[in-house]
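Here's the structure, in C-alpha cells; my notes come after.
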Amino acid sequence: MSQHVDVLQMARDQLALAATHLNLDAGLHEVLAQPKRQLIVHFPVVMDDGTVQCFEGYRVQHNTSRGPTKGGIRYHHDVDVHETTALSMWMTWKCAVANLPYGGAKGSVKVNTKLLSKRELEKLTRRYATEINIVIGERGDIPAPDIGTNPQTMAWIMDTISMQAGYTMPGVVTGKPIEMGGSQGRVEATGRGVVVSAVEACKKLGMSMNGAKVVVQGFGNVGSVAAMLAEREGAIVVGISDARGGIYNEKGLPVSELYHKYSGMDGGILNYKDAQQVSNDDLLELPCDILMPCAIAAQITKENAPNIRAKLVVEGANGPTTPDADVILSDKGILVVPDILANAGGVIVSYFEWVQDLQNFFWEEDEVNLKLDRHMRNSFAQVWDTRERFKTDMRMAAMIIGVKRVADATVMRGIFP
Ligand code: NAD
C-alpha cells in the first residue's frame with residue numbers, strides 16, 4: 001500500500017472517529033467520506049528543447065455544502081489523486097473550523113519543478129489552468145498556492161482564466177501578488193497562524209513562548225515565517241530543516257539570516273557553519289519545547305513518536321502526524337495543535353483576499369493581521385472548549401466542530417432533487 005493511500009485512509013479514519021462522537025447518520029457519513037468531484041487531466045507541454053512532455057494533474061472538490069470550494073495547488077513529483085482527495089477533505093474541515101463560507105478542494109500536478117525552466121513552468125501552469133477551468137471559478141472553486149507553487153503561479157493562473165473569460169477576474173485564485181489583487185499579509189498568513197496557535201497553546205499549558213526552544217521542520221513559506229515570528233515572540237529556534245537535511249544549535253539559530261542569506265544558496269541552510277548537521281529524522285527527536293512540522297505529510301509516525309521530546313506540537317504542514325503517532329503523543333502528554341486549526345491562517349487570509357477582490361476594496365496590512373489574529377484565537381478557543389466537553393484531543397475536537405458544521409449545512413440544504 002502506498003503512503004498516499006494511507007493518507008486518504010488517515011483522513012477517512014479521522015472522519016469515522018468524529019462521526020462516532022457525533023452519532024452521525026450512516027448515509028451522511030458516507031457522503032462526507034467521498035469527494036463530490038475528482039477531475040484527472042493529462043496535458044502536453046512543449047519543452048524548451050522542442051520535445052513534448054505529457055503531465056498528469058488533478059483537481060478534487062470534496063464538499064460544497066457551506067459554499068464554493070477552496071484549496072491549494074501542489075506541484076510535486078510524488079502526488080496522486082488519493083493524496084489530493086485526502087487534502088481536499090482536510091480543507092473542508094479546516095474551512096468549517098475557521099467558520100469560513102467554503103468547502104474544501106485541492107489540486108496537484110505530478111512534476112519535479114526543479115527540472116523545468118521558468119518558461120516551461122509558466123506553460124505547464126497555463127495549460128493546467130486551462131484544463132481545470134471547467135471546474136474552477138471565482139464563485140465555484142478558488143485555488144491558492146501550496147507546496148511547489150507561489151504567488152507567481154497564481155498570477156499565471158489568474159491571467160490565463162481572465163484571458164479566456166475576456167475580462168480580469170482577480171477572485172479566481174488567492175495568494176496572488178499584491179500588485180494584481182493579492183492581499184497584504186497573505187504570504188505570512190499561514191506561518192503567522194501557526195505562531196498564534198503556539199502562543200494560545202502555551203497559555204493553556206502554563207508555558208511561555210518567551211525563551212521556549214522551538215524546532216521547525218521545513219523552511220519554505222510556512223516554516224520560515226513560523227520560525228521568524230516565533231523568534232519575534234521571544235522563542236529560541238534551535239533546529240531547522242529543509243528537504244536536504246537540518247541544522248541544530250541549542251543556543252539558537254539566526255533565523256532571518258538563514259532565510260535571507262542561506263536558503264537561496266546551493267545546499268541551502270546546510271551551508272551555515274555554526275550548527276550541527278542533523279538528518280530530518282533526528283531533527284524531529286531533538287530536545288525542545290515546541291515542535292513545528294511545516295513540511296510534508298506523515299512525518300511523525302509510530303516509529304519516531306515515542307522519541308519526540310517536545311511538550312507541544314503545532315502542525316504547520318497538512319497531515320504530518322499519523323493516527324498511530326497521535327495516540328502515542330497523547331499518552332506521553334504531548335499537546336498537538338492539529339493542522340486543520342494550526343495552519344488555517346493561510347485560508348483565512350485567502351478568504352479575506354477573495355472578499356477584497358470581489359469588492360475591489362483593499363485593506364491595510366494591520367487590519368488583515370488583526371482580523372487573522374482574532375479568527376485564529378476564536379477558533380482555538382472553540383476547539384479547546386470542545387476538547388474539554390468531549391474529553392478528547394485537539395484533533396478530534398477540531399474534527400467534531402468541522403464535521404458537525406458541514407453535516408448541519410448538508411441536512412439543512414437537503415438532498416437535491
Ligand atoms: P514550500 O514548498 O514553500 O516549503 C516546503 C518546505 O518543506 C521546503 O523547505 C522543503 O525543502 C521542505 N521539505 C520538503 N520535503 C521535506 C522533507 N522530507 N523533510 C523536511 N523538509 C522537507 O511549501 P509550504 O507552502 O511552506 O507548505 C508546507 C506545508 O504546509 C505543506 O504541508 C502544505 O500543504 C502546508 N500548508 C501550506 C499553506 C500555505 O499557505 N502555503 C497553508 C496551509 C498548509
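Note on naming: chains are A, B, ... as they come in the C-alpha cells, residues start from 1 per chain, ligands start from 1 in the order shown.
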query: Where in stretch 249-340 of chain A does DSSP assign helix (DSSP H, G or I), given as a PyMOL selection string?
result: chain A and resi 255-262+268-271+280-284+305-307+323-331+339-340
- request: as a VMD selection string, list the residues of stretch 78-249 of chain A assigned to strand (DSSP E or B) by DSSP on the backbone atoms of this structure.
  value: chain A and resid 103 to 110 137 141 to 145 213 to 217 236 to 242 245 to 248
message: One decimal, in Å: what's the spacing between atom CA of A:Asn378 and atom CA of A:Asn99?
response: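 Distance reported for this atom pair: 9.9 Å.
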message: as number ranges by chain, please: the residues near A:Arg12 (cut-off 10 Å, only C-alpha atoms, same-chain neighbours under 5 positions excluded).
response: A: 6-7, 17-18, 29, 32-34, 86, 89-90
- prompt: Using only C-alpha atoms, which of the listed residues (A:Ala212, A:Leu291, A:Ser241, A:Tyr259) sits closest to A:Gln277?
  reply: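 Between A:Ala212, A:Leu291, A:Ser241, A:Tyr259, the residue approaching A:Gln277 most closely is A:Ser241.
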message: I want to know what sits within 12 Å of A:Met163, based on only C-alpha atoms, with residues of the same chain fewer than 5 positions away left out; could you give that as a PyMOL selection string?
response: chain A and resi 126+129-130+133+156-158+168-170
- request: Would you list the residues that come within 6 Å of ligand 1? Count only C-alpha atoms and all ligand atoms and give the answer as a PyMOL selection string.
  value: chain A and resi 145-148+190+217-223+241-243+280+294-296+316-318+343+346
Selected residues written out with C-alpha atoms, as a short mmCIF file (atom, residue, chain, number, x, y, z; two decimals), in the first residue's frame:
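Dumped everything to out.cif:
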```
data_model
loop_
_atom_site.label_atom_id
_atom_site.label_comp_id
_atom_site.auth_asym_id
_atom_site.auth_seq_id
_atom_site.Cartn_x
_atom_site.Cartn_y
_atom_site.Cartn_z
CA PRO A 145 -0.61 28.19 -3.52
CA ASP A 146 0.71 25.05 -1.81
CA ILE A 147 3.99 23.10 -1.99
CA GLY A 148 5.89 23.96 -5.17
CA THR A 190 -0.09 30.51 7.49
CA GLN A 217 10.79 21.05 10.06
CA GLY A 218 10.52 22.64 6.58
CA PHE A 219 11.89 26.08 5.75
CA GLY A 220 9.55 27.09 2.92
CA ASN A 221 6.69 29.55 3.05
CA VAL A 222 5.12 28.19 6.25
CA GLY A 223 8.22 27.08 8.16
CA SER A 241 15.46 21.66 8.27
CA ASP A 242 14.50 21.56 4.63
CA ALA A 243 14.32 18.63 2.20
CA ASN A 280 15.30 15.15 9.15
CA CYS A 294 5.95 22.53 8.44
CA ALA A 295 7.00 20.31 5.50
CA ILE A 296 5.05 17.29 4.26
CA GLY A 316 2.07 23.82 10.09
CA ALA A 317 2.04 21.06 7.44
CA ASN A 318 -1.03 19.12 6.38
CA ASN A 343 -2.37 26.11 9.61
CA GLY A 346 -3.50 30.74 5.05
#
```
- request: Kindly give the distance, in Å, that separates atom CA of A:Lys261 and atom CA of A:Ala155, rounded to a single decimal.
  value: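 Separation of atom CA of A:Lys261 and atom CA of A:Ala155: 26.3 Å.
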- request: Name the residues in contact with A:Ile401 at a cut-off of 9 Å, using only C-alpha atoms, excluding same-chain residues fewer than 3 positions from it; report them as a list in words.
  value: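 The contact residues come out as Ala18, Trp93, Ala96, Val97, Gln382, Val383, Thr386, Met396, Ala397, Ala398, Lys404, Arg405 and Val406 of chain A.
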Quick one: write out the picked residues with C-alpha atoms as a PDB file, in the first residue's frame?
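What landed in again31.pdb:
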```pdb
ATOM      1  CA  ALA A  18     -15.641  12.185  14.556  1.00  0.00           C
ATOM      2  CA  TRP A  93     -12.954  20.597   7.845  1.00  0.00           C
ATOM      3  CA  ALA A  96     -15.542  24.830   8.670  1.00  0.00           C
ATOM      4  CA  VAL A  97     -13.432  25.028  11.867  1.00  0.00           C
ATOM      5  CA  GLN A 382     -13.775  26.836  20.371  1.00  0.00           C
ATOM      6  CA  VAL A 383     -11.599  23.783  19.735  1.00  0.00           C
ATOM      7  CA  THR A 386     -14.904  21.158  22.544  1.00  0.00           C
ATOM      8  CA  MET A 396     -10.733  15.174  17.307  1.00  0.00           C
ATOM      9  CA  ALA A 397     -12.214  18.318  18.848  1.00  0.00           C
ATOM     10  CA  ALA A 398     -11.449  20.278  15.666  1.00  0.00           C
ATOM     11  CA  LYS A 404     -20.740  18.987  12.573  1.00  0.00           C
ATOM     12  CA  ARG A 405     -20.844  22.329  10.749  1.00  0.00           C
ATOM     13  CA  VAL A 406     -20.659  20.616   7.339  1.00  0.00           C
TER      14      VAL A 406
END
```
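Among A:Gly193, A:Gly211, A:Pro338, A:Gly414, the residue with the shortest atom-to-atom distance to A:Arg374, counting only C-alpha atoms, is A:Gly193.
Comparing A:Asp78, A:Asp408, A:Glu303, A:Glu315 by their smallest distance to A:Val337, the closest is A:Glu315 (using only C-alpha atoms).
The nearest approach to A:Thr92 among the residues A:His260, A:His62, A:Lys118, A:Lys110, with only C-alpha atoms taken into account, belongs to A:His62.
When the distance limit is 10 Å and only C-alpha atoms are what count, the residues near A:Met91, minus those fewer than 4 positions from it on the same chain, are Gln61, His62, Asn63, Thr69, Lys70, Gly71, Gly72, Thr85, Ala86, Leu87, Cys95, Ala96, Val97, Tyr102, Gly103, Gly104, Ala105, Lys106, Asn318, Asp339, Ile340, Ala344, Val347 and Gly402 of chain A.
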query: atom CA of A:Thr301 and atom CA of A:Asp385, how far apart in Å?
result: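 A separation of 27.2 Å between them.
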Option closest in space to A:Leu270, from A:Arg66, A:Lys114, A:His375, A:Arg244 [counting only C-alpha atoms]: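 Ranking A:Arg66, A:Lys114, A:His375, A:Arg244 by distance to A:Leu270, first place goes to A:Arg244.
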- line: Nearest to A:Leu258, restricted to only C-alpha atoms and choosing among A:Val135, A:Val111, A:Ala227, A:Ile236, comes out as A:Ala227
task: Might you pull out every residue within 9 Å of A:Tyr128, with only C-alpha atoms counted and same-chain residues fewer than 2 positions away left off, and present them as a count of residues only?
output: 17
